[in-house]
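Single-structure report; data block below.
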Amino acid sequence: MSSRDLDSAPVASVPPETASAGGVLSPQFRWTSIGMCLLITLAAFEALAVTTIMPMVSRELDGAALYAFAFAGPLAVGVVGMVSAGAWADRGNPRTALIASVVLFAAGLSIAGTAPTMWVFVAGRLVHGLGGGALTVVLYVIVARVYPPALHPRIFAGFAAAWVIPSLIGPFVAGVLSETVGWRWVFLGVVALAALAMLMVVPVMRRVLRAGERAPFRAARLVWAVLLAVAVLALTLAAESTGPVLWIVPPLAAIVAVIALRPLVPKGTLLARRGLPSVILMRGIIAATFFATEVYVPLLMVSQYGLSAAVAGLALTAAGLTWSAASWVQGRFPRIAHVVAARLGALGLTIALASLIATAVWHLNPFIVVVGWAFSGGGMGILYPRLGVLTLEYSTPADQGFNSSALTIADSTGSAVALAATAIVFAALRALPGGWPFAGAFTVTAVLCALAWLFAPRLRP
């Protein structure tokens with residue numbers, strides 16, 4: 001298949017004799033693999049930590065009205081970073097795009113860690129989201145350019161395994177830090193580690209990657225990305241509004257988002273066309289289901305059960321561990337049929353959502369939340385990296401950047417829109433007693449999970 005925006009792209013890879021030797025930790029790939037996995041580890045810690053401590057941040061900075069926006073906003077602006085990074089990588093060596101993305105990532109963490117108000121905190125999250133979105137695409141392109149196809153399942157499994165340590169200790173450490181020295185150090189501590197990761201990765205990138213023929217830059221894609229980000233941001237902010245704004249802005253923003261999204265993904269994605277379009281759509285659906293649910297899990301345990309942030313983070317730890325374990329399994333057994341993997345992923349999310357809704361409605365033991373949410377991690381671990389492998393399998397060197405950015409754009413856009421939808425339902429049911437607001441939000445993501453079941457067979461080309 002060919003890209004709709006890129007006429008040509010560099011073919012930059014390791015020599016054939018190198019590509020055929022060893023695994024992801026063989027001498028020619030070792031430091032590249034370690035450095036990229038370290039960056040994934042830092043991103044994983046930050047993601048789990050923010051979800052864990054956000055109830056405390058919201059309380060200290062009086063930011064309850066911006067709770068969902070603090071998650072959806074970075075995802076929205078991340079689309080701009082993804083498109084920019086994809087175009088940048090397709091025009092030559094992605095090393096410089098990697099440096100820029102990590103600098104923005106660290107700058108956003110610094111702003112959030114020193115924020116005096118919730119609005120400044122959200123601004124830092126937006127800068128961080130811009131860098132984080134670009135970083136995701138750059139890492140996908142590096143995998144495509146450096147590693148032979150036979151090693152793609154292994155390196156994606158390595159990315160998932162990089163979540164193990166953050167999953168084990170991340171939520172607990174974040175909770176303890178927030179209750180002792182303060183939540184700000186959860187952000188500031190990651191900045192120094194990001195600099196260390198760059199010292200490991202950049203020299204290796206200079207030796208391994210080489211620029212080839214440059215693809216033309218298409219400014220229209222960046223314009224569409226900015227328009228999409230603005231629409232999603234408006235949708236998310238309107239979720240916390242009342243009156244005419246709540247009834248007018250979300251529908252208009254949703255229409256603009258769909259129009260802006262079409263040029264940024266393969267043709268037929270929004271129609272669930274078989275093959276790559278359905279792979280991209282499925283990624284958006286399962287990401288929306290998982291991440292829009294996850295942000296409410298610690299809030300449910302803290303607000304409804306009075307648990308500490310450290311204890312509430314156990315549910316995130318359980319999901320992270322099962323995600324890593326399931327991803328390792330699918331990496332070791334790549335012959336599991338794609339449709340079977342999709343159905344197993346949807347099954348894990350279904351079990352998790354059923355347990356969350358039941359717990360919220362009937363105020364069951366919070367341990368059920370921990371066990372149930374672990375199933376969601378298992379489902380994501382089976383399906384999430386498989387979709388990354390399929391995207392590269394359906395790509396050519398000319399459209400690796402476009403397709404990789406499309407995958408992550410669907411990921412972020414789906415999550416941001418789902419967060420806005422859950423925020424609207426949560427706010428509408430907030431006056432009801434007990435866990436009904438949570439049950440309403442989880443019902444929204446359950447509908448998305450049903451779509452994953454529906455579209456699973458369309459992953460076949």
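Residue names in the structure tokens use chain letters A, B, ... in the order shown, residue numbers from 1 in each chain, and ligand numbers from 1 in the order shown.
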
List every residue of region 242-391 of chain A that DSSP, applied to the backbone of this structure, places in alpha helix (DSSP H), and write the result as number ranges by chain. A: 244-261, 276-294, 297-305, 309-332, 338-362, 367-391

For the selection you just gave me, I'd like the residues written to a file as a CSV table (one decimal), in the first residue's frame, keeping C-alpha atoms.
chain,number,residue,atom,x,y,z
A,244,PRO,CA,-26.4,25.6,25.8
A,245,VAL,CA,-22.6,25.1,25.7
A,246,LEU,CA,-23.0,21.4,26.6
A,247,TRP,CA,-25.6,20.9,23.9
A,248,ILE,CA,-23.9,22.9,21.1
A,249,VAL,CA,-20.2,22.6,21.4
A,250,PRO,CA,-19.7,18.8,21.7
A,251,PRO,CA,-21.7,17.9,18.5
A,252,LEU,CA,-19.9,20.6,16.5
A,253,ALA,CA,-16.5,19.6,17.9
A,254,ALA,CA,-17.2,16.0,17.1
A,255,ILE,CA,-18.0,16.8,13.5
A,256,VAL,CA,-14.9,18.9,13.1
A,257,ALA,CA,-12.8,16.1,14.7
A,258,VAL,CA,-14.1,13.5,12.3
A,259,ILE,CA,-13.4,15.8,9.3
A,260,ALA,CA,-9.9,16.6,10.5
A,261,LEU,CA,-9.1,13.0,11.3
A,276,LEU,CA,-4.7,-1.7,7.8
A,277,PRO,CA,-7.7,0.6,8.1
A,278,SER,CA,-9.4,-1.8,10.6
A,279,VAL,CA,-6.1,-2.2,12.5
A,280,ILE,CA,-5.9,1.6,13.0
A,281,LEU,CA,-9.5,1.8,14.0
A,282,MET,CA,-9.2,-1.1,16.4
A,283,ARG,CA,-6.2,0.5,18.1
A,284,GLY,CA,-8.3,3.6,18.6
A,285,ILE,CA,-11.2,1.7,20.1
A,286,ILE,CA,-9.3,-0.5,22.5
A,287,ALA,CA,-7.1,2.5,23.6
A,288,ALA,CA,-10.3,4.5,24.2
A,289,THR,CA,-11.8,1.7,26.2
A,290,PHE,CA,-8.8,1.1,28.4
A,291,PHE,CA,-7.5,4.6,29.1
A,292,ALA,CA,-10.8,6.3,29.5
A,293,THR,CA,-11.7,3.7,32.1
A,294,GLU,CA,-8.3,3.7,33.8
A,297,VAL,CA,-10.2,3.5,38.7
A,298,PRO,CA,-8.0,5.3,41.4
A,299,LEU,CA,-10.7,8.0,41.8
A,300,LEU,CA,-13.3,5.3,42.5
A,301,MET,CA,-11.1,3.7,45.2
A,302,VAL,CA,-10.1,7.0,46.8
A,303,SER,CA,-13.5,8.7,46.8
A,304,GLN,CA,-15.8,5.8,47.4
A,305,TYR,CA,-13.7,3.7,49.7
A,309,ALA,CA,-3.3,6.9,46.6
A,310,ALA,CA,-0.7,4.2,47.2
A,311,VAL,CA,-3.3,1.5,47.9
A,312,ALA,CA,-5.5,2.7,45.0
A,313,GLY,CA,-2.5,2.3,42.7
A,314,LEU,CA,-2.5,-1.5,43.3
A,315,ALA,CA,-5.2,-1.8,40.6
A,316,LEU,CA,-2.9,-0.1,38.1
A,317,THR,CA,0.0,-2.3,39.2
A,318,ALA,CA,-2.1,-5.4,38.6
A,319,ALA,CA,-3.1,-4.3,35.1
A,320,GLY,CA,0.5,-3.3,34.2
A,321,LEU,CA,1.8,-6.7,35.2
A,322,THR,CA,-0.8,-8.7,33.3
A,323,TRP,CA,-0.3,-6.4,30.3
A,324,SER,CA,3.5,-7.1,30.3
A,325,ALA,CA,3.0,-10.9,30.9
A,326,ALA,CA,0.4,-11.2,28.1
A,327,SER,CA,2.5,-9.2,25.7
A,328,TRP,CA,5.5,-11.4,26.4
A,329,VAL,CA,3.3,-14.4,25.6
A,330,GLN,CA,2.1,-13.0,22.3
A,331,GLY,CA,5.7,-12.0,21.4
A,332,ARG,CA,6.9,-15.6,22.0
A,338,HIS,CA,-4.9,-12.0,14.6
A,339,VAL,CA,-8.6,-12.4,15.0
A,340,VAL,CA,-8.1,-14.7,18.0
A,341,ALA,CA,-5.8,-12.1,19.6
A,342,ALA,CA,-8.4,-9.4,19.0
A,343,ARG,CA,-11.1,-11.5,20.7
A,344,LEU,CA,-9.0,-12.4,23.6
A,345,GLY,CA,-8.2,-8.7,24.1
A,346,ALA,CA,-11.9,-7.7,24.0
A,347,LEU,CA,-12.7,-10.5,26.4
A,348,GLY,CA,-10.2,-9.2,29.0
A,349,LEU,CA,-11.6,-5.7,28.7
A,350,THR,CA,-15.2,-7.1,29.0
A,351,ILE,CA,-14.4,-8.9,32.2
A,352,ALA,CA,-12.8,-5.8,33.7
A,353,LEU,CA,-15.6,-3.5,32.8
A,354,ALA,CA,-18.2,-5.9,34.2
A,355,SER,CA,-16.4,-6.1,37.5
A,356,LEU,CA,-16.0,-2.3,37.7
A,357,ILE,CA,-19.7,-1.6,36.9
A,358,ALA,CA,-20.8,-4.2,39.5
A,359,THR,CA,-18.5,-2.8,42.1
A,360,ALA,CA,-19.6,0.8,41.5
A,361,VAL,CA,-23.3,-0.1,41.6
A,362,TRP,CA,-23.3,-2.5,44.6
A,367,PHE,CA,-10.3,-6.1,45.9
A,368,ILE,CA,-12.7,-7.0,43.0
A,369,VAL,CA,-11.5,-3.8,41.3
A,370,VAL,CA,-7.9,-4.9,41.5
A,371,VAL,CA,-8.6,-8.4,40.2
A,372,GLY,CA,-11.0,-7.2,37.5
A,373,TRP,CA,-8.7,-4.5,36.2
A,374,ALA,CA,-5.9,-7.1,35.9
A,375,PHE,CA,-8.0,-8.8,33.2
A,376,SER,CA,-8.0,-5.5,31.2
A,377,GLY,CA,-4.2,-5.5,31.3
A,378,GLY,CA,-4.1,-9.0,30.0
A,379,GLY,CA,-6.4,-8.3,27.2
A,380,MET,CA,-4.4,-5.2,26.2
A,381,GLY,CA,-1.1,-7.0,26.4
A,382,ILE,CA,-2.3,-9.6,23.9
A,383,LEU,CA,-3.8,-7.2,21.4
A,384,TYR,CA,-2.1,-3.8,21.8
A,385,PRO,CA,1.5,-4.8,20.5
A,386,ARG,CA,-0.1,-7.1,17.9
A,387,LEU,CA,-1.7,-4.1,16.3
A,388,GLY,CA,1.7,-2.4,16.1
A,389,VAL,CA,3.2,-5.4,14.4
A,390,LEU,CA,0.3,-5.5,11.9
A,391,THR,CA,0.8,-1.9,11.1

Which polymer residues have any atom within 8 Å of an atom of Leu75 (chain A), counting only C-alpha atoms, with same-chain residues fewer than 5 positions away left out, as a PyMOL selection string? chain A and resi 129+133+412-413+415-416

Write a file of the just-selected residues containing N, CA, C and O atoms, as a compact mmCIF listing (two decimals), in the first residue's frame.
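again20.txt was written with the following content:
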# COMPACT_ATOMS: atom_id res chain seq x y z
N GLY A 129 2.47 16.30 26.55
CA GLY A 129 1.75 15.50 25.57
C GLY A 129 2.27 15.70 24.17
O GLY A 129 2.33 14.74 23.38
N GLY A 133 3.68 12.42 22.32
CA GLY A 133 3.11 11.96 21.06
C GLY A 133 4.18 11.78 20.00
O GLY A 133 4.19 10.78 19.26
N SER A 412 -4.50 8.16 20.50
CA SER A 412 -4.72 9.36 21.32
C SER A 412 -6.08 9.99 21.09
O SER A 412 -6.75 10.41 22.05
N THR A 413 -6.51 10.07 19.82
CA THR A 413 -7.80 10.69 19.54
C THR A 413 -8.94 9.89 20.14
O THR A 413 -9.86 10.45 20.76
N SER A 415 -8.82 7.90 22.72
CA SER A 415 -8.78 8.04 24.18
C SER A 415 -9.32 9.39 24.62
O SER A 415 -10.09 9.49 25.59
N ALA A 416 -8.91 10.45 23.91
CA ALA A 416 -9.34 11.80 24.30
C ALA A 416 -10.85 11.97 24.13
O ALA A 416 -11.53 12.53 25.00

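You will find CA of Trp185 (chain A) at 11.3 Å from CA of Ile53 (chain A).
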
Taken to one decimal, the CA of Asn365 (chain A)-CA of Gly306 (chain A) distance is 12.5 Å

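Using only C-alpha atoms, the shortest contact distance between Ile40 (chain A) and any of A:Thr117, A:Ser395, A:Thr136, A:Ser84 is found at A:Thr136.
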
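Between CA of Glu179 (chain A) and CA of Phe121 (chain A) there is a distance of 18.6 Å.
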
Which is closer to Val417 (chain A) than all the others in A:Ala195, A:Ala68, A:Ala100, A:Ala398, using only C-alpha atoms?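 Comparing A:Ala195, A:Ala68, A:Ala100, A:Ala398 against Val417 (chain A), the winner is A:Ala68.
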
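Here the question is which of A:Met200, A:Val141, A:Leu227, A:Leu42 gets nearest to Ser167 (chain A) using only C-alpha atoms, and that residue is A:Leu42.
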
From the options A:Leu130, A:Leu432, A:Leu451, A:Ile142, which residue's atoms come nearest to Met82 (chain A), counting only C-alpha atoms?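 Ranked by minimum distance to Met82 (chain A), first place goes to A:Leu130.
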
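Considering the residues A:Leu188, A:Ala406, A:Leu448, A:Leu126 and counting only C-alpha atoms, Ala85 (chain A) has its shortest atom-to-atom contact with A:Ala406.
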
Mind checking which residues fall within 12 Å of Gly81 (chain A), counting only C-alpha atoms, ignoring those fewer than 5 positions away in the same chain, and posting them as JSON, numbers by chain? {"A": [74, 75, 76, 86, 87, 88, 89, 97, 98, 100, 101, 102, 104, 105, 126, 127, 128, 129, 130, 131, 132, 133, 134, 135, 136, 137, 138, 221, 222, 223, 225, 226, 229, 405, 406, 408, 409, 412]}

Of the candidates A:Leu233, A:Val201, A:Ala150, A:Ala49, which one gets nearest to Val176 (chain A) if we count only C-alpha atoms?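 Of A:Leu233, A:Val201, A:Ala150, A:Ala49, the one nearest Val176 (chain A), counting only C-alpha atoms, is A:Ala49.
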